[in-house]
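K.L.:
File start39.csv follows (CSV, C-alpha atoms):
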```csv
chain,number,residue,atom,x,y,z
A,174,MET,CA,9.4,-74.8,20.5
A,175,ARG,CA,7.7,-71.6,19.4
A,176,LEU,CA,5.8,-69.7,22.0
A,177,ALA,CA,2.5,-69.8,20.1
A,178,GLU,CA,2.7,-73.6,19.9
A,179,ALA,CA,3.7,-73.9,23.5
A,180,TRP,CA,0.5,-72.0,24.4
A,181,ARG,CA,-1.6,-74.3,22.2
A,182,VAL,CA,-0.1,-77.4,23.8
A,183,ALA,CA,-0.7,-76.0,27.3
A,184,LEU,CA,-4.3,-75.2,26.5
A,185,ASP,CA,-4.9,-78.7,25.0
A,186,ALA,CA,-3.4,-80.2,28.2
A,187,LEU,CA,-5.8,-78.2,30.4
A,188,ARG,CA,-8.8,-79.1,28.2
A,189,ALA,CA,-8.0,-82.8,28.5
A,190,ASN,CA,-8.6,-82.5,32.3
A,191,ARG,CA,-11.3,-79.9,32.5
A,192,MET,CA,-12.7,-80.9,35.8
A,193,ARG,CA,-9.3,-80.8,37.5
A,194,SER,CA,-8.4,-77.6,35.8
A,195,GLY,CA,-11.7,-76.0,36.8
A,196,LEU,CA,-11.3,-77.0,40.5
A,197,THR,CA,-7.7,-75.7,40.5
A,198,MET,CA,-8.8,-72.4,39.0
A,199,LEU,CA,-11.6,-72.1,41.6
A,200,GLY,CA,-9.1,-71.3,44.3
A,201,MET,CA,-7.7,-68.5,42.3
A,202,VAL,CA,-11.2,-67.2,41.4
A,203,ILE,CA,-12.2,-67.0,45.1
A,204,GLY,CA,-8.9,-65.5,46.1
A,205,VAL,CA,-8.8,-62.8,43.5
A,206,GLY,CA,-12.6,-62.1,43.9
A,207,ALA,CA,-12.1,-61.7,47.7
A,208,VAL,CA,-9.2,-59.2,47.2
A,209,VAL,CA,-11.3,-57.1,44.8
A,210,VAL,CA,-14.5,-57.0,46.8
A,211,LEU,CA,-12.8,-56.4,50.2
A,212,VAL,CA,-10.6,-53.6,48.8
A,213,ALA,CA,-13.6,-52.1,47.1
A,214,LEU,CA,-15.6,-52.1,50.4
A,215,GLY,CA,-12.7,-50.6,52.4
A,216,THR,CA,-12.0,-47.9,49.7
A,217,GLY,CA,-15.7,-47.1,49.4
A,218,THR,CA,-16.0,-46.7,53.2
A,219,LYS,CA,-12.9,-44.5,53.3
A,220,ASN,CA,-14.2,-42.3,50.4
A,221,THR,CA,-17.6,-41.9,52.1
A,222,VAL,CA,-16.1,-40.8,55.5
A,223,GLU,CA,-13.8,-38.3,53.7
A,224,ALA,CA,-16.8,-36.9,51.8
A,225,GLN,CA,-18.7,-36.5,55.1
A,226,VAL,CA,-15.9,-34.6,56.7
A,227,GLU,CA,-15.5,-32.3,53.7
A,228,GLY,CA,-19.2,-31.9,53.5
A,229,LEU,CA,-19.3,-30.2,56.9
A,230,GLY,CA,-17.9,-27.0,55.3
A,231,SER,CA,-14.6,-25.6,54.1
A,232,ASN,CA,-11.6,-24.2,56.1
A,233,LEU,CA,-13.2,-25.4,59.4
A,234,LEU,CA,-11.4,-25.1,62.7
A,235,ILE,CA,-13.0,-26.6,65.8
A,236,VAL,CA,-11.7,-25.5,69.3
A,237,LEU,CA,-12.6,-27.6,72.3
A,238,PRO,CA,-11.2,-28.3,75.8
A,239,GLY,CA,-9.0,-31.3,76.4
A,240,GLU,CA,-6.8,-33.3,74.1
A,241,VAL,CA,-8.4,-34.8,71.0
A,242,ASN,CA,-7.9,-38.6,71.5
A,243,PHE,CA,-10.3,-41.3,70.5
A,244,ALA,CA,-9.4,-43.3,73.6
A,245,ALA,CA,-9.7,-40.4,76.1
A,246,ALA,CA,-12.9,-39.3,77.8
A,247,PRO,CA,-14.2,-35.9,76.9
A,248,THR,CA,-13.1,-33.0,79.1
A,249,VAL,CA,-15.7,-31.0,81.0
A,250,SER,CA,-15.8,-27.5,79.5
A,251,ARG,CA,-15.1,-24.4,81.6
A,252,MET,CA,-15.8,-22.1,78.7
A,253,ASP,CA,-18.6,-19.6,78.8
A,254,ASN,CA,-20.1,-16.7,76.8
A,255,SER,CA,-17.2,-14.4,77.7
A,256,ASP,CA,-14.9,-16.8,75.9
A,257,LEU,CA,-17.2,-16.5,72.9
A,258,ASP,CA,-16.7,-12.7,72.9
A,259,ALA,CA,-12.9,-13.3,73.0
A,260,VAL,CA,-13.0,-15.7,70.1
A,261,VAL,CA,-15.1,-13.3,68.0
A,262,LYS,CA,-12.7,-10.5,68.7
A,263,ILE,CA,-9.7,-12.6,67.5
A,264,VAL,CA,-11.6,-13.9,64.4
A,265,GLY,CA,-12.9,-10.4,63.6
A,266,ASP,CA,-16.3,-11.5,62.2
A,267,ARG,CA,-19.1,-13.0,64.2
A,268,ASP,CA,-20.6,-14.6,61.1
A,269,ARG,CA,-17.5,-16.9,60.9
A,270,VAL,CA,-17.8,-18.1,64.5
A,271,THR,CA,-20.4,-20.4,66.2
A,272,ALA,CA,-20.5,-21.9,69.6
A,273,SER,CA,-22.3,-25.0,70.7
A,274,LEU,CA,-23.9,-26.6,73.8
A,275,THR,CA,-25.1,-30.2,73.3
A,276,SER,CA,-27.4,-32.5,75.2
A,277,GLY,CA,-29.6,-35.5,74.6
A,278,GLU,CA,-33.3,-34.7,75.3
A,279,THR,CA,-36.8,-36.0,74.5
A,280,VAL,CA,-38.9,-33.7,72.3
A,281,ARG,CA,-42.7,-34.1,72.3
A,282,ALA,CA,-45.5,-32.9,70.1
A,283,GLY,CA,-49.0,-34.1,71.2
A,284,ASN,CA,-48.7,-37.9,71.6
A,285,ALA,CA,-45.6,-38.2,69.5
A,286,SER,CA,-42.1,-38.1,71.0
A,287,ALA,CA,-38.5,-38.6,69.9
A,288,PHE,CA,-35.1,-38.7,71.6
A,289,VAL,CA,-32.9,-36.3,69.9
A,290,THR,CA,-29.6,-34.4,70.1
A,291,VAL,CA,-30.3,-30.8,71.2
A,292,ASN,CA,-27.7,-28.3,70.0
A,293,GLY,CA,-27.6,-24.8,71.5
A,294,VAL,CA,-26.0,-22.8,68.7
A,295,MET,CA,-25.6,-19.3,67.2
A,296,GLU,CA,-27.3,-17.8,64.3
A,297,SER,CA,-24.1,-18.1,62.2
A,298,THR,CA,-24.1,-21.9,62.3
A,299,PRO,CA,-25.4,-22.3,58.6
A,300,LYS,CA,-22.6,-20.0,57.5
A,301,VAL,CA,-19.9,-21.9,59.3
A,302,PHE,CA,-21.2,-25.4,58.5
A,303,LEU,CA,-22.9,-26.3,55.3
A,304,ARG,CA,-26.5,-26.8,56.3
A,305,ASP,CA,-29.6,-26.2,54.1
A,306,LEU,CA,-33.2,-25.7,55.2
A,307,ARG,CA,-36.1,-27.5,53.7
A,308,THR,CA,-38.8,-25.1,55.0
A,309,GLY,CA,-39.0,-22.1,57.2
A,310,SER,CA,-36.0,-20.0,58.4
A,311,TYR,CA,-33.1,-20.4,60.7
A,312,LEU,CA,-32.4,-18.7,64.1
A,313,THR,CA,-31.6,-15.0,64.1
A,314,ARG,CA,-29.3,-12.8,66.1
A,315,THR,CA,-32.3,-11.5,68.0
A,316,ASP,CA,-33.3,-15.1,68.9
A,317,VAL,CA,-29.8,-15.6,70.5
A,318,ASP,CA,-29.6,-12.2,72.2
A,319,THR,CA,-33.1,-12.6,73.8
A,320,ALA,CA,-33.0,-16.3,74.4
A,321,ARG,CA,-36.2,-17.0,72.5
A,322,ARG,CA,-37.8,-20.4,72.7
A,323,VAL,CA,-37.6,-21.2,69.0
A,324,ALA,CA,-36.2,-24.3,67.4
A,325,VAL,CA,-35.2,-25.7,64.0
A,326,LEU,CA,-35.9,-29.5,63.6
A,327,GLY,CA,-34.0,-32.1,61.7
A,328,SER,CA,-36.0,-33.8,58.9
A,329,LYS,CA,-36.2,-37.0,60.8
A,330,VAL,CA,-37.4,-35.3,64.0
A,331,ALA,CA,-40.1,-33.3,62.0
A,332,ARG,CA,-41.3,-36.5,60.3
A,333,SER,CA,-41.4,-38.4,63.7
A,334,LEU,CA,-43.4,-35.7,65.4
A,335,PHE,CA,-45.6,-34.3,62.6
A,336,GLY,CA,-45.6,-36.9,59.8
A,337,ASP,CA,-46.4,-35.3,56.5
A,338,ARG,CA,-47.7,-32.0,58.1
A,339,ASP,CA,-45.7,-28.8,57.9
A,340,ALA,CA,-43.8,-28.5,61.2
A,341,VAL,CA,-43.1,-24.7,60.8
A,342,GLY,CA,-45.3,-22.8,63.3
A,343,GLN,CA,-46.1,-25.9,65.4
A,344,GLN,CA,-45.3,-26.2,69.1
A,345,VAL,CA,-42.9,-28.8,70.6
A,346,THR,CA,-41.9,-29.5,74.2
A,347,ILE,CA,-38.3,-30.0,75.2
A,348,ALA,CA,-37.4,-30.7,78.9
A,349,GLY,CA,-40.9,-29.5,79.8
A,350,VAL,CA,-40.6,-26.1,78.0
A,351,ARG,CA,-42.6,-25.2,74.9
A,352,PHE,CA,-40.8,-24.1,71.8
A,353,ARG,CA,-42.1,-22.8,68.4
A,354,VAL,CA,-40.7,-24.5,65.3
A,355,VAL,CA,-39.3,-21.9,62.9
A,356,GLY,CA,-37.6,-24.2,60.4
A,357,VAL,CA,-36.9,-27.7,59.2
A,358,PHE,CA,-33.5,-28.8,57.9
A,359,ALA,CA,-33.2,-30.5,54.5
A,360,PRO,CA,-32.3,-34.2,54.8
A,361,LEU,CA,-28.5,-34.8,55.4
A,362,GLY,CA,-28.1,-38.3,56.6
A,363,GLN,CA,-25.2,-39.8,58.6
A,364,SER,CA,-22.0,-37.9,59.2
A,365,LEU,CA,-19.1,-39.5,61.0
A,366,GLY,CA,-21.6,-41.9,62.7
A,367,VAL,CA,-23.9,-39.2,63.8
A,368,ASP,CA,-27.5,-38.9,62.5
A,369,ARG,CA,-27.6,-35.2,61.4
A,370,ASP,CA,-31.4,-35.5,60.7
A,371,ASN,CA,-32.1,-36.4,64.4
A,372,GLU,CA,-31.0,-33.0,65.7
A,373,VAL,CA,-32.8,-29.9,67.1
A,374,HIS,CA,-31.2,-26.5,67.0
A,375,MET,CA,-32.1,-23.7,69.4
A,376,PRO,CA,-30.3,-20.5,70.5
A,377,ILE,CA,-27.4,-21.3,72.7
A,378,THR,CA,-28.6,-18.8,75.3
A,379,THR,CA,-31.9,-20.6,75.4
A,380,ALA,CA,-30.2,-23.9,75.8
A,381,GLN,CA,-28.0,-22.6,78.7
A,382,ARG,CA,-31.1,-21.4,80.5
A,383,LEU,CA,-33.0,-24.7,79.7
A,384,PHE,CA,-30.2,-26.9,81.1
A,385,GLY,CA,-29.3,-24.6,83.9
A,386,THR,CA,-25.7,-24.0,82.9
A,387,GLY,CA,-23.6,-21.1,81.4
A,388,ARG,CA,-21.0,-23.3,79.7
A,389,VAL,CA,-20.0,-23.5,76.0
A,390,ASP,CA,-18.9,-26.9,74.9
A,391,ALA,CA,-16.9,-26.0,71.7
A,392,PHE,CA,-16.3,-23.3,69.1
A,393,ALA,CA,-16.3,-23.7,65.4
A,394,VAL,CA,-14.6,-21.1,63.2
A,395,LYS,CA,-14.6,-20.7,59.4
A,396,ALA,CA,-11.1,-19.4,58.5
A,397,PRO,CA,-10.9,-17.0,55.6
A,398,ASP,CA,-8.5,-19.3,53.8
A,399,ARG,CA,-6.7,-22.6,54.3
A,400,ALA,CA,-3.3,-21.0,54.7
A,401,GLY,CA,-4.3,-19.0,57.7
A,402,ILE,CA,-5.7,-21.9,59.7
A,403,PRO,CA,-2.5,-22.9,61.6
A,404,GLU,CA,-1.9,-19.3,62.8
A,405,LEU,CA,-5.6,-18.8,63.8
A,406,ALA,CA,-5.6,-22.1,65.6
A,407,ALA,CA,-2.5,-21.2,67.6
A,408,GLU,CA,-3.9,-17.7,68.5
A,409,LEU,CA,-7.3,-19.1,69.7
A,410,THR,CA,-5.8,-21.9,71.8
A,411,ARG,CA,-3.3,-19.5,73.3
A,412,GLU,CA,-6.0,-17.0,74.3
A,413,LEU,CA,-8.3,-19.7,75.8
A,414,SER,CA,-5.4,-21.2,77.7
A,415,ARG,CA,-4.6,-17.8,79.1
A,416,ARG,CA,-8.2,-17.4,80.2
A,417,HIS,CA,-8.3,-20.9,81.6
A,418,PRO,CA,-4.8,-21.9,82.8
A,419,GLU,CA,-6.0,-25.2,84.3
A,420,THR,CA,-7.4,-26.5,81.0
A,421,GLN,CA,-5.7,-27.7,77.9
A,422,PHE,CA,-7.3,-26.7,74.6
A,423,SER,CA,-7.1,-28.4,71.2
A,424,ALA,CA,-7.8,-26.9,67.7
A,425,VAL,CA,-8.8,-29.6,65.2
A,426,THR,CA,-8.9,-29.0,61.4
A,427,GLN,CA,-10.6,-31.0,58.7
A,428,GLU,CA,-7.2,-32.2,57.4
A,429,GLN,CA,-6.3,-33.6,60.8
A,430,ILE,CA,-9.6,-35.5,61.1
A,431,LEU,CA,-9.2,-36.8,57.5
A,432,GLY,CA,-5.6,-37.8,58.3
A,433,VAL,CA,-6.5,-39.8,61.4
A,434,LEU,CA,-9.6,-41.4,59.9
A,435,GLY,CA,-7.8,-42.0,56.6
A,436,ASP,CA,-4.9,-43.8,58.3
A,437,ILE,CA,-7.3,-46.0,60.3
A,438,LEU,CA,-9.4,-46.9,57.2
A,439,GLY,CA,-6.3,-47.3,55.1
A,440,ILE,CA,-4.9,-49.9,57.6
A,441,LEU,CA,-8.2,-51.6,57.7
A,442,THR,CA,-8.3,-51.9,53.9
A,443,THR,CA,-4.7,-53.2,53.8
A,444,VAL,CA,-5.6,-55.8,56.5
A,445,LEU,CA,-8.7,-56.9,54.6
A,446,ALA,CA,-6.6,-57.3,51.4
A,447,ALA,CA,-4.0,-59.3,53.2
A,448,ILE,CA,-6.6,-61.6,54.7
A,449,ALA,CA,-8.0,-62.1,51.2
A,450,GLY,CA,-4.5,-62.6,49.9
A,451,ILE,CA,-4.1,-65.7,52.1
A,452,SER,CA,-6.7,-67.5,49.8
A,453,LEU,CA,-4.4,-66.6,46.8
A,454,LEU,CA,-1.5,-68.3,48.6
A,455,VAL,CA,-3.7,-71.4,49.2
A,456,GLY,CA,-4.7,-71.3,45.6
A,457,GLY,CA,-1.1,-71.2,44.5
A,458,VAL,CA,-0.2,-74.2,46.6
A,459,GLY,CA,-3.1,-76.0,44.9
A,460,VAL,CA,-1.8,-75.0,41.5
A,461,SER,CA,1.7,-76.3,42.4
A,462,ASN,CA,0.3,-79.6,43.7
A,463,ILE,CA,-1.9,-80.2,40.6
A,464,MET,CA,1.1,-79.4,38.3
A,465,LEU,CA,3.3,-81.9,40.2
A,466,VAL,CA,0.6,-84.5,39.8
A,467,SER,CA,0.3,-83.6,36.1
A,468,VAL,CA,4.1,-84.1,35.6
A,469,ARG,CA,3.9,-87.5,37.2
A,470,GLU,CA,1.0,-88.6,35.1
A,471,ARG,CA,2.6,-87.4,31.9
A,472,THR,CA,6.1,-88.8,32.5
A,473,ARG,CA,5.9,-91.0,29.3
A,474,GLU,CA,4.7,-88.1,27.2
A,475,ILE,CA,7.7,-86.0,28.5
A,476,GLY,CA,10.1,-88.8,27.7
A,477,LEU,CA,8.7,-89.2,24.2
A,478,ARG,CA,8.9,-85.5,23.4
A,479,LYS,CA,12.5,-85.4,24.7
A,480,ALA,CA,13.3,-88.5,22.5
A,481,VAL,CA,12.2,-86.7,19.4
A,482,GLY,CA,14.2,-83.6,20.1
A,483,ALA,CA,12.4,-81.4,22.7
A,484,ARG,CA,14.9,-79.5,24.9
A,485,PRO,CA,14.5,-79.4,28.7
A,486,ARG,CA,13.6,-75.7,28.5
A,487,ASP,CA,10.8,-76.5,26.1
A,488,ILE,CA,9.3,-79.0,28.5
A,489,SER,CA,9.7,-76.6,31.4
A,490,LEU,CA,8.1,-73.8,29.4
A,491,GLN,CA,5.1,-75.9,28.6
A,492,PHE,CA,4.3,-76.8,32.2
A,493,LEU,CA,5.1,-73.2,33.3
A,494,LEU,CA,2.6,-71.9,30.7
A,495,GLU,CA,0.0,-74.3,31.9
A,496,ALA,CA,0.3,-73.0,35.5
A,497,VAL,CA,0.2,-69.4,34.3
A,498,LEU,CA,-2.8,-70.1,32.1
A,499,LEU,CA,-4.6,-71.6,35.1
A,500,THR,CA,-4.0,-68.7,37.4
A,501,THR,CA,-4.5,-65.9,34.8
A,502,VAL,CA,-7.9,-67.3,33.6
A,503,GLY,CA,-8.8,-67.8,37.2
A,504,GLY,CA,-7.7,-64.2,37.9
A,505,VAL,CA,-9.9,-62.7,35.2
A,506,ALA,CA,-12.9,-64.7,36.4
A,507,GLY,CA,-12.1,-63.7,40.0
A,508,MET,CA,-12.0,-60.0,39.0
A,509,ALA,CA,-15.4,-60.3,37.3
A,510,LEU,CA,-16.8,-62.1,40.4
A,511,GLY,CA,-15.2,-59.5,42.7
A,512,VAL,CA,-16.7,-56.5,40.8
A,513,ALA,CA,-20.1,-58.2,40.7
A,514,ALA,CA,-20.0,-59.0,44.5
A,515,ALA,CA,-18.9,-55.4,45.3
A,516,LEU,CA,-21.7,-53.9,43.3
A,517,THR,CA,-24.2,-56.3,44.8
A,518,ALA,CA,-23.0,-55.5,48.3
A,519,ALA,CA,-23.3,-51.7,47.6
A,520,ALA,CA,-26.8,-52.1,46.2
A,521,LEU,CA,-28.2,-54.4,49.0
A,522,SER,CA,-26.5,-52.9,52.1
A,523,PRO,CA,-25.5,-49.5,53.5
A,524,VAL,CA,-21.8,-50.4,53.0
A,525,PRO,CA,-20.4,-48.4,50.1
A,526,ALA,CA,-18.1,-50.0,47.5
A,527,THR,CA,-15.6,-48.4,45.2
A,528,VAL,CA,-13.8,-50.6,42.7
A,529,THR,CA,-10.4,-49.2,42.0
A,530,TRP,CA,-8.1,-49.9,39.1
A,531,TRP,CA,-5.1,-50.6,41.3
A,532,SER,CA,-6.9,-53.3,43.2
A,533,MET,CA,-7.8,-55.0,39.9
A,534,ALA,CA,-4.2,-54.7,38.7
A,535,LEU,CA,-2.9,-55.9,42.0
A,536,ALA,CA,-5.2,-58.9,42.0
A,537,PHE,CA,-4.5,-59.9,38.4
A,538,GLY,CA,-0.7,-59.3,38.9
A,539,VAL,CA,-0.6,-61.4,42.0
A,540,SER,CA,-2.6,-64.2,40.3
A,541,ALA,CA,-0.2,-64.3,37.4
A,542,GLY,CA,2.7,-64.1,39.7
A,543,VAL,CA,1.3,-67.1,41.7
A,544,GLY,CA,1.2,-69.1,38.5
A,545,ILE,CA,4.9,-68.3,37.8
A,546,ILE,CA,6.2,-68.8,41.3
A,547,PHE,CA,4.2,-72.0,42.1
A,548,GLY,CA,4.7,-73.4,38.5
A,549,VAL,CA,8.5,-73.1,38.5
A,550,VAL,CA,9.2,-76.2,40.6
A,551,PRO,CA,6.9,-78.6,38.6
A,552,ALA,CA,8.2,-77.1,35.4
A,553,GLN,CA,11.8,-77.6,36.4
A,554,ARG,CA,11.1,-81.1,37.6
A,555,ALA,CA,9.5,-82.0,34.2
A,556,GLY,CA,12.4,-80.5,32.3
A,557,LYS,CA,15.0,-82.5,34.2
A,558,LEU,CA,13.4,-85.9,33.6
A,559,ASP,CA,15.7,-88.3,31.9
A,560,PRO,CA,14.0,-89.4,28.6
A,561,VAL,CA,15.1,-93.0,28.9
A,562,VAL,CA,13.8,-93.3,32.5
A,563,ALA,CA,10.6,-91.5,31.5
A,564,LEU,CA,9.9,-93.8,28.6
A,565,ARG,CA,10.3,-96.9,30.9
A,566,THR,CA,7.8,-95.5,33.3
A,567,ASP,CA,4.5,-97.3,33.5
```
Just dump the structure as C-alpha cells.

P.N.:
Amino acid sequence: MRLAEAWRVALDALRANRMRSGLTMLGMVIGVGAVVVLVALGTGTKNTVEAQVEGLGSNLLIVLPGEVNFAAAPTVSRMDNSDLDAVVKIVGDRDRVTASLTSGETVRAGNASAFVTVNGVMESTPKVFLRDLRTGSYLTRTDVDTARRVAVLGSKVARSLFGDRDAVGQQVTIAGVRFRVVGVFAPLGQSLGVDRDNEVHMPITTAQRLFGTGRVDAFAVKAPDRAGIPELAAELTRELSRRHPETQFSAVTQEQILGVLGDILGILTTVLAAIAGISLLVGGVGVSNIMLVSVRERTREIGLRKAVGARPRDISLQFLLEAVLLTTVGGVAGMALGVAAALTAAALSPVPATVTWWSMALAFGVSAGVGIIFGVVPAQRAGKLDPVVALRTD
C-alpha cells in the first residue's frame, strides 16, 4: 500500500468515528497544552528574575558578614565606618563603593504614613547600582560627612505621603526626627521580591545616629571589569577577616546569584513540565485503548483486506498511522491552546510567560512519539490477525 493511500484510509477511519476520535485527541490536547503553558510560565519567571538581577548594575560585588545561605539566619554585622575606609582604600575609588545600613521604619507626613525600608547609604549609591531619579537630586558627599537629615523617597512612598504633589522640599518624619526630601526615585518595581519603590534613602551617618548604632550591614562594590571581580572579592574578604577574626565574610557576585536562582527556577520548570507530561502519558494510554477497540470492531474489515492481498505490514501501517494522526493533530491543537493560555495568563496576572521554541518542539515531538509508542501494539495485533478467522468474526 502506498503511504499516501494509507494516510487517506487512516483519515477516513477517524472521520467515521468523529466523536470517539475527538475525545481521544482531547487527552493529547490537554497534555500538550499543559506542557507548553507551564514551561512558558516557568521560563518567563526565570527570565524576569535574571533581568532583575542584571538590572541592579554591572560588575557588582556585595560583601557581607556570614555565609550566604538561603536557609541560614543573617549574621549580625560587626563592621563599622573604619571598615568602609579600608574597603575604599582597596578599591581605590570611593565612587565605586557604597555601604548600607537597613531598617524598617514608619515615615509620616501630616496625617499620612507608610511603613518603608529605610536604607542608610552613601552618595555613590546611584553610581554602583543603576537607579534613576524622577525629580530632585540625590544625596551628596557633604550630606554623608555632616550627617544631614535629608532623604530620597521611592516613588510609592512619595505617592502615599503626598499624592500628586511634588515631594521635593517637603518635610517627613522618620523615627520621630524630621527630614527634608531632596529627591524622588523613578518607579522601578519589584526586584528579587523586594519593592524597590517602597524605600527611603538617607546618609548612612544619619541612619547610624538615628538608630543609635555605628554598624555597617554590607558593602557593595562596582568592579572596573568582570575579569577582576574574583581577585577583588578575595582581597576584600581577606582584609575584613583580618580586621574581624571572629566573623566569616562572603563576597557575592551577580553571576553567583543568577546561578543559584537559575538552578532553582530551572528545576521548578522541569518539575512543572514533568507533571504536565503525566497527562500526555494518560492520553497515550487512552489512544492505545481506543485503537485496540478499533481493531476489535474492524476485524472483518481486516480479514477482507487481507483476503484481497493486503500484507500484514500494510494493516499494521494503517492502524499505526491512525494513532499517529490522532496524537499529532491533538498535539498541534494543544500547542495552540498552550500558547493562548500562556499569553492570557501573562496578560491577566503578574506571572510572566515566555513561550519557547524548544517547549513547542518538545511537546509536539512527545505527542507524535506517544502515537507511535502506544499505537504499535494495536497495529501489530491488527497485522497478525488470521484472515480466515477474521472473516468468520461476527

K.L.:
Which residue is closest to Gln427 in chain A? Choose from A:Phe302, A:Ala526, A:Asn232, A:Ile203 and count only C-alpha atoms.

P.N.:
A:Asn232

K.L.:
Expressed in Å to a single decimal, how great is the separation between CA of Arg338 in chain A and CA of Thr308 in chain A?

P.N.:
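Atom-to-atom, CA of Arg338 in chain A to CA of Thr308 in chain A, that is 11.7 Å.
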
K.L.:
Using CA of Leu234 in chain A and CA of Pro418 in chain A as the two end points, give the distance in Å to one decimal.

P.N.:
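Computed distance, CA of Leu234 in chain A to CA of Pro418 in chain A, equals 21.4 Å.
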
K.L.:
Identify, on the basis of all atoms listed in the file, every residue whose closest approach to Ala393 in chain A does not exceed 10 Å; exclude the query and any residue fewer than 4 positions from it along the same chain; express the result as a ChimeraX atom specification.

P.N.:
/A:233-237,260,269-273,298,301-302,424-426

K.L.:
For CA of Ser414 in chain A and CA of Ser250 in chain A, quote the distance in Å rounded to one decimal.

P.N.:
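Atom-to-atom, CA of Ser414 in chain A to CA of Ser250 in chain A, that is 12.3 Å.
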
K.L.:
Let me make sure I understand: among A:Ser423, A:Asn462, A:Asn371, A:Thr221, which one has the smallest atom-to-atom distance to Gly277 in chain A if we use only C-alpha atoms?

P.N.:
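Closest to Gly277 in chain A, using only C-alpha atoms: A:Asn371.
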
K.L.:
Do you know which residues are at most 12 Å from Gln381 in chain A counting all atoms listed in the file, after dropping those on the same chain fewer than 2 positions away, and could you put them as a list in words?

P.N.:
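Once the adjacent positions are removed, what remains is Asp253, Asn254, Ala272, Ser273, Leu274, Thr275, Ser276, Val291, Asn292, Gly293, Val294, Val317, Ala320, Arg321, Arg322, Met375, Pro376, Ile377, Thr378, Thr379, Leu383, Phe384, Gly385, Thr386, Gly387, Arg388, Val389 and Asp390 of chain A.
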
K.L.:
List the spatial neighbours of range 534-548 of chain A as a PDB file with C-alpha atoms, in the frame of the given file - criterion: any atom at most 6 Å away, only C-alpha atoms, same-chain residues fewer than 3 positions off excluded.

P.N.:
```
ATOM      1  CA  VAL A 205      -8.800 -62.800  43.500  1.00  0.00           C
ATOM      2  CA  GLY A 457      -1.100 -71.200  44.500  1.00  0.00           C
ATOM      3  CA  SER A 461       1.700 -76.300  42.400  1.00  0.00           C
ATOM      4  CA  LEU A 493       5.100 -73.200  33.300  1.00  0.00           C
ATOM      5  CA  ALA A 496       0.300 -73.000  35.500  1.00  0.00           C
ATOM      6  CA  VAL A 497       0.200 -69.400  34.300  1.00  0.00           C
ATOM      7  CA  THR A 500      -4.000 -68.700  37.400  1.00  0.00           C
ATOM      8  CA  THR A 501      -4.500 -65.900  34.800  1.00  0.00           C
ATOM      9  CA  GLY A 504      -7.700 -64.200  37.900  1.00  0.00           C
ATOM     10  CA  TRP A 531      -5.100 -50.600  41.300  1.00  0.00           C
ATOM     11  CA  PRO A 551       6.900 -78.600  38.600  1.00  0.00           C
ATOM     12  CA  ALA A 552       8.200 -77.100  35.400  1.00  0.00           C
TER      13      ALA A 552
END
```

K.L.:
Smallest atom-to-atom distance to Ala259 in chain A: which of A:Leu413, A:Ala509, A:Ala213, A:Ile448, using only C-alpha atoms?

P.N.:
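Counting only C-alpha atoms, the residue closest to Ala259 in chain A is A:Leu413.
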